[in-house]
Amino acid sequence: MSFLNKKYLVFDFDGTIDSLIIDWSNSRKEMMTSIKDIVGDQSLEDFRNSYYFQIEMIKEFGDEVSDKLIELSKNYEKENYSSHHPNMNAVDFIKNNQDKYKFFLWTSNHIETISPVLKELGLDQSFQVIVSRDSVKLPKPDAEGFLQIYIPGTDKKDYLMIGDTSNDVFAAENSDIDYLDINDFEREITK
Ligand SMILES: [Mg+2]
C-alpha cells in the first residue's frame, strides 16, 4: 500500500504523529469503576479490545455511559500525562505537503490532551478535521469518526488511514478505506 496516489490522509495521533507519555496502568480499572453503576459487572475479556467494550456499552446503555467515558478520558489523560515525543518525520511531512494532500486527524485521545501538543508542533492548522474522543459518541474503530472526515461525493479509494495499532486497522476496515502502518509510511518518506 502506497500513499502516493491518495488524496486524503487520515492520521492517528498517539504512536503515529507523536508519542504521549501517559501512565495507562489504571485506565481499565478506572473505566470499569466509572460506569459500573450503569452497566453492572462486565468482563473486558468478552470484547476484542477496550474500545470495542466502550462501543458496546454505549450502544446498549446510551448517552449516560458515553458522557462518563468522555469525561473520564479527559481527566485520566490530564492526570497521567507526563511528556511527549514527536515523530518528526511525520510532523514535517504533514507540514510540508499541505498543498499535495488533505490531512485529517482521527484520535481516541481527548482534544484537551492533544491541542497543546499540536500547537507546540505547529500542526494546529494542518488538519481539515480533527476527530477526537470527545467529538464522537462511539470511539475508533467505530466508523462514526470517519463520517466527520469523509467528504461527500469523493471516492473512498482516495483515502488512507495511517496508524500504529490494530485498532487503527479495524477503524480503516470499518470505514472501508485502505490502511498503512506508520513504520511503512516512514520508510517510504525517508528513502
Ligand atoms: Mg496510536
# chains A, B, ... in the order shown; residues from 1 in each chain; ligands from 1
>>> residues_around(residues="Val169 of chain A", least_positions_apart="5", cutoff="9 Å", atoms="only C-alpha atoms", output="JSON, numbers by chain")
{"A": [141, 161, 162, 163, 164, 174, 178, 179, 180, 181]}
>>> write_last_selection(atoms="N, CA and C atoms", output="PDB file, in the first residue's frame")
ATOM      1  N   PRO A 141     -12.527   1.937  16.946  1.00  0.00           N
ATOM      2  CA  PRO A 141     -12.613   1.777  15.497  1.00  0.00           C
ATOM      3  C   PRO A 141     -14.017   1.887  14.894  1.00  0.00           C
ATOM      4  N   MET A 161      -5.818   5.529   5.840  1.00  0.00           N
ATOM      5  CA  MET A 161      -5.615   5.651   7.285  1.00  0.00           C
ATOM      6  C   MET A 161      -4.178   5.256   7.610  1.00  0.00           C
ATOM      7  N   ILE A 162      -3.498   6.089   8.397  1.00  0.00           N
ATOM      8  CA  ILE A 162      -2.123   5.788   8.811  1.00  0.00           C
ATOM      9  C   ILE A 162      -2.082   5.738  10.330  1.00  0.00           C
ATOM     10  N   GLY A 163      -1.689   4.602  10.880  1.00  0.00           N
ATOM     11  CA  GLY A 163      -1.723   4.448  12.327  1.00  0.00           C
ATOM     12  C   GLY A 163      -0.702   3.450  12.824  1.00  0.00           C
ATOM     13  N   ASP A 164      -0.837   3.082  14.096  1.00  0.00           N
ATOM     14  CA  ASP A 164       0.185   2.210  14.700  1.00  0.00           C
ATOM     15  C   ASP A 164      -0.378   0.989  15.437  1.00  0.00           C
ATOM     16  N   ASN A 174     -13.511  -0.840   9.122  1.00  0.00           N
ATOM     17  CA  ASN A 174     -14.907  -0.449   9.371  1.00  0.00           C
ATOM     18  C   ASN A 174     -15.331   0.736   8.512  1.00  0.00           C
ATOM     19  N   ASP A 178      -8.286   2.166   2.855  1.00  0.00           N
ATOM     20  CA  ASP A 178      -7.010   1.463   2.961  1.00  0.00           C
ATOM     21  C   ASP A 178      -6.260   1.893   4.217  1.00  0.00           C
ATOM     22  N   TYR A 179      -5.289   1.046   4.576  1.00  0.00           N
ATOM     23  CA  TYR A 179      -4.517   1.272   5.799  1.00  0.00           C
ATOM     24  C   TYR A 179      -3.030   1.126   5.519  1.00  0.00           C
ATOM     25  N   LEU A 180      -2.232   1.963   6.168  1.00  0.00           N
ATOM     26  CA  LEU A 180      -0.775   1.846   6.097  1.00  0.00           C
ATOM     27  C   LEU A 180      -0.208   2.059   7.492  1.00  0.00           C
ATOM     28  N   ASP A 181       0.683   1.149   7.907  1.00  0.00           N
ATOM     29  CA  ASP A 181       1.335   1.297   9.207  1.00  0.00           C
ATOM     30  C   ASP A 181       2.318   2.471   9.166  1.00  0.00           C
TER      31      ASP A 181
END
>>> select_by_dssp(residues="segment 2-178 of chain A", states="helix (DSSP H, G or I)", output="PyMOL selection string")
chain A and resi 27-39+44-46+50-61+63-80+88-96+111-121+133-135+144-149+156-158+166-175
>>> residues_near_ligand(ligand="ligand 1", cutoff="8 Å", atoms="only C-alpha atoms and all ligand atoms", output="PyMOL selection string")
chain A and resi 12-16+107+163-165+168
>>> select_by_dssp(residues="segment 4-184 of chain A", states="strand (DSSP E or B)", output="CSV table (one decimal) with C-alpha atoms, in the first residue's frame")
chain,number,residue,atom,x,y,z
A,8,TYR,CA,-6.9,12.3,1.8
A,9,LEU,CA,-4.5,11.1,4.5
A,10,VAL,CA,-6.2,10.2,7.9
A,11,PHE,CA,-3.6,10.1,10.7
A,14,ASP,CA,-0.6,8.8,19.7
A,18,ASP,CA,3.6,11.9,18.4
A,19,SER,CA,4.0,9.5,21.4
A,20,LEU,CA,2.2,10.7,24.5
A,21,ILE,CA,3.8,9.5,27.7
A,22,ILE,CA,0.7,8.7,29.7
A,81,TYR,CA,0.3,12.7,31.2
A,82,SER,CA,4.0,13.4,31.8
A,83,SER,CA,5.5,14.4,28.4
A,84,HIS,CA,5.6,13.6,24.7
A,85,HIS,CA,8.0,12.6,21.9
A,86,PRO,CA,7.1,13.8,18.4
A,102,LYS,CA,-5.7,16.9,2.6
A,103,PHE,CA,-4.9,15.8,6.1
A,104,PHE,CA,-7.2,14.6,8.8
A,105,LEU,CA,-6.7,13.5,12.4
A,106,TRP,CA,-8.6,10.7,13.9
A,129,VAL,CA,-10.9,17.9,10.6
A,130,ILE,CA,-9.8,16.7,14.0
A,131,VAL,CA,-11.9,13.8,15.3
A,159,TYR,CA,-8.4,7.9,1.5
A,160,LEU,CA,-5.7,6.2,3.5
A,161,MET,CA,-5.6,5.7,7.3
A,162,ILE,CA,-2.1,5.8,8.8
A,163,GLY,CA,-1.7,4.4,12.3
A,178,ASP,CA,-7.0,1.5,3.0
A,179,TYR,CA,-4.5,1.3,5.8
A,180,LEU,CA,-0.8,1.8,6.1
A,181,ASP,CA,1.3,1.3,9.2
>>> residues_around(residues="Gln98 of chain A", least_positions_apart="2", cutoff="12 Å", atoms="only C-alpha atoms", output="VMD selection string")
chain A and resid 7 to 9 91 to 96 100 to 104 123 125 to 128
>>> atom_distance(atom1="atom CA of Arg48 of chain A", atom2="atom CA of Lys140 of chain A")
12.7 Å
>>> residues_around(residues="Asp124 of chain A", least_positions_apart="4", cutoff="8 Å", atoms="only C-alpha atoms", output="list in words")
Ser115, Leu118 and Lys119 of chain A
>>> write_last_selection(atoms="C-alpha atoms", output="compact mmCIF listing (two decimals), in the first residue's frame")
# COMPACT_ATOMS: atom_id res chain seq x y z
CA SER A 115 -4.36 20.56 21.46
CA LEU A 118 -0.42 20.18 18.16
CA LYS A 119 0.21 23.86 18.90
>>> atom_distance(atom1="atom CA of Asp142 of chain A", atom2="atom CA of Phe61 of chain A")
16.4 Å
>>> residues_around(residues="Glu64 of chain A", least_positions_apart="4", cutoff="9 Å", atoms="only C-alpha atoms", output="list in words")
Ile35, Ile38, Ile58, Lys68 and Leu69 of chain A
>>> residues_around(residues="Leu72 of chain A", least_positions_apart="5", cutoff="10 Å", atoms="only C-alpha atoms", output="list of chain:residue names")
A:Ser27, A:Glu30, A:Met31, A:Ser34, A:Ile35, A:Ser66, A:Asp67, A:Glu77, A:Lys78, A:His110
